Structures are given as structure tokens and as C-alpha cells.
>>> print(open('run_1.csv').read())   # CSV, C-alpha atoms
chain,number,residue,atom,x,y,z
D,1,MET,CA,3.8,-4.0,-0.4
D,2,ASP,CA,5.7,-5.9,-3.2
D,3,ILE,CA,2.7,-5.3,-5.5
D,4,THR,CA,2.5,-1.6,-4.7
D,5,THR,CA,6.2,-1.3,-5.1
D,6,LYS,CA,6.1,-3.0,-8.5
D,7,TYR,CA,3.5,-0.6,-9.9
D,8,CYS,CA,4.1,2.6,-7.8
D,9,HIS,CA,7.9,2.3,-7.1
D,10,LYS,CA,8.6,6.1,-7.2
D,11,GLU,CA,5.9,6.9,-4.8
D,12,MET,CA,6.7,4.1,-2.4
D,13,GLU,CA,10.4,5.0,-2.5
D,14,SER,CA,9.7,8.6,-1.4
D,15,TYR,CA,7.3,7.5,1.3
D,16,GLY,CA,9.7,4.9,2.6
D,17,GLN,CA,12.5,7.5,2.8
D,18,CYS,CA,10.3,9.9,4.7
D,19,VAL,CA,9.1,7.2,7.2
D,20,ALA,CA,12.8,6.2,7.8
D,21,ALA,CA,13.8,9.8,8.4
D,22,HIS,CA,11.0,10.4,10.9
D,23,PRO,CA,10.5,7.2,12.9
D,24,SER,CA,8.4,8.6,15.6
D,25,THR,CA,6.5,11.3,13.7
D,26,TRP,CA,6.1,9.8,10.3
D,27,GLN,CA,2.3,9.9,10.5
D,28,GLN,CA,2.5,13.7,10.4
D,29,HIS,CA,5.6,14.3,8.4
D,30,CYS,CA,4.8,11.9,5.6
D,31,GLN,CA,1.1,12.4,5.1
D,32,ASP,CA,1.4,14.1,1.6
D,33,LEU,CA,3.7,11.2,0.4
D,34,LYS,CA,1.2,8.7,1.8
D,35,MET,CA,-1.5,10.4,-0.2
D,36,LYS,CA,0.6,10.1,-3.4
D,37,VAL,CA,1.0,6.4,-2.8
D,38,ALA,CA,-2.7,6.1,-2.2
D,39,GLN,CA,-3.5,8.0,-5.4
D,40,CYS,CA,-1.2,5.7,-7.4
D,41,THR,CA,-2.5,2.5,-5.9
D,42,SER,CA,-6.1,3.6,-6.3
D,43,SER,CA,-5.7,4.3,-10.0
D,44,HIS,CA,-3.7,1.2,-11.1
D,45,PRO,CA,-6.0,-1.6,-12.5
D,46,VAL,CA,-4.0,-4.5,-11.1
D,47,ILE,CA,-3.9,-3.0,-7.6
D,48,GLN,CA,-7.6,-2.1,-7.9
D,49,LYS,CA,-8.4,-5.8,-8.7
D,50,ILE,CA,-6.3,-7.1,-5.8
D,51,ARG,CA,-7.8,-4.6,-3.3
D,52,THR,CA,-11.3,-5.6,-4.4
D,53,ASP,CA,-10.6,-9.4,-4.3
D,54,CYS,CA,-8.7,-9.1,-1.0
D,55,SER,CA,-10.6,-6.3,0.7
D,56,LYS,CA,-11.1,-8.1,3.9
D,57,GLU,CA,-7.4,-8.9,4.4
D,58,PHE,CA,-6.4,-5.4,3.3
D,59,THR,CA,-8.9,-3.8,5.8
D,60,GLU,CA,-7.5,-5.9,8.6
D,61,PHE,CA,-4.0,-4.9,7.7
D,62,GLU,CA,-4.9,-1.2,7.7
D,63,ARG,CA,-6.7,-1.5,11.0
D,64,CYS,CA,-3.7,-3.1,12.5
D,65,LEU,CA,-1.5,-0.3,11.3
D,66,LEU,CA,-3.8,2.3,12.8
D,67,GLU,CA,-3.9,0.5,16.1
D,68,ASN,CA,-0.1,0.0,16.2
D,69,GLN,CA,1.2,3.2,14.7
D,70,ASN,CA,4.3,3.1,16.9
D,71,SER,CA,5.2,-0.5,16.1
D,72,PRO,CA,4.0,-1.3,12.5
D,73,THR,CA,6.1,-4.5,12.5
D,74,SER,CA,3.6,-6.1,14.8
D,75,CYS,CA,1.3,-6.3,11.7
D,76,SER,CA,3.5,-8.8,9.9
D,77,ALA,CA,0.9,-11.6,10.1
D,78,HIS,CA,-1.7,-9.2,8.5
D,79,VAL,CA,0.7,-8.4,5.7
D,80,ALA,CA,1.4,-12.1,5.1
D,81,ARG,CA,-2.4,-12.8,4.9
D,82,PHE,CA,-2.9,-9.9,2.5
D,83,LEU,CA,0.0,-10.9,0.3
D,84,GLY,CA,-1.1,-14.6,0.3
D,85,CYS,CA,-4.5,-13.5,-1.0
D,86,ALA,CA,-3.0,-11.1,-3.6
D,87,GLU,CA,-0.9,-14.0,-5.0
D,88,THR,CA,-4.2,-15.9,-5.7
D,89,VAL,CA,-5.9,-13.1,-7.6
D,90,ASP,CA,-6.7,-13.9,-11.3
D,91,LEU,CA,-5.2,-11.0,-13.3
D,92,ALA,CA,-6.3,-12.3,-16.7
D,93,GLY,CA,-7.8,-9.5,-18.6
D,94,VAL,CA,-6.4,-6.8,-16.4
D,95,ALA,CA,-4.2,-4.1,-18.1
D,96,LEU,CA,-0.8,-4.7,-16.5
D,97,ASN,CA,0.9,-1.6,-17.9
D,98,PRO,CA,-1.8,1.1,-18.3
D,99,VAL,CA,-0.9,4.6,-19.5
D,100,PRO,CA,0.2,6.5,-16.4
D,101,GLN,CA,-2.1,9.3,-15.3
D,102,PRO,CA,-0.6,12.7,-14.5
D,103,SER,CA,-0.3,13.5,-10.8
>>> encode(input="run_1.csv", output="C-alpha cells")
Amino acid sequence: MDITTKYCHKEMESYGQCVAAHPSTWQQHCQDLKMKVAQCTSSHPVIQKIRTDCSKEFTEFERCLLENQNSPTSCSAHVARFLGCAETVDLAGVALNPVPQPS
């Protein structure tokens, strides 16, 4: 999440506010904002590299969220594994500040 927040702050902020405002129905109410976060993260080269190199950890985290939609905090071990992997990704040669794409 720190990685996504660093490169997609505006989108994450809006999504987080929506989830906080709709704790029991965020899956339905925040779908459009979730898609904006997904669009941002799928287009940023640093996040693409991390998702590629840590795809197993990310997939396990996503699966945990789907299986525990009412208690996402139960996925903290999955988050920790993903972030641990992300910290080890070699970002040499990856554009850290690409030109933003219009949304």
C-alpha cells in the first residue's frame, strides 16, 4: 500500500475515504474508485515491475481480501509478505516519475 500511495496518492486517498465512509458496503459503494486505483497502479512502471516480481505474494493478498471482505485486517500477514517482497525489487532502469496519463 505504501508503494501505491507513493505513486497513486490522489486515487488512494479518495478510495480510502470512501471505504471509511461505507464500512459494511464499501465493495459496492467504492467500486468506481477502486477501478481508478487499479488503473493508476496498472499504468505506473514501478508498480508494474513490483507486481510482476511479486505476483505470487500479491495474488495471495488479493485472494485473502476476497475471502475476508468483512475483515480485511485479517490479511495483515499477506500485506507484510507482499511489502517485504516489494522492498527487494531492483528498480534500476525503471522510470520513477513517468509522464502521467490522462484518466
>>> closest_residue(input="run_1.csv", among="D:His44, D:Lys49, D:Pro23, D:Ser14", to="Ala92 of chain D", atoms="all atoms listed in the file")
D:Lys49
>>> atom_distance(input="run_1.csv", atom1="atom CA of Cys85 of chain D", atom2="atom CA of Leu66 of chain D")
21.0 Å
>>> atom_distance(input="run_1.csv", atom1="atom CA of Leu91 of chain D", atom2="atom CA of Val37 of chain D")
21.2 Å
>>> residues_near_point(input="run_1.csv", point="(-2.8, -8.7, -5.0)", cutoff="6 Å", atoms="only C-alpha atoms", output="list in words")
Ile50, Ala86, Glu87 and Val89 of chain D
>>> atom_distance(input="run_1.csv", atom1="atom CA of Gly16 of chain D", atom2="atom CA of Lys56 of chain D")
24.6 Å
>>> residues_around(input="run_1.csv", residues="His29 of chain D", least_positions_apart="2", cutoff="12 Å", atoms="all atoms listed in the file", output="NGL selection string")
:D and (15-27 or 31-35)
>>> closest_residue(input="run_1.csv", among="D:Phe82, D:Gln48, D:Met12, D:Cys40", to="Glu62 of chain D", atoms="all atoms listed in the file")
D:Phe82
>>> closest_residue(input="run_1.csv", among="D:Pro72, D:Lys36, D:Leu83, D:Thr41", to="Phe58 of chain D", atoms="only C-alpha atoms")
D:Leu83
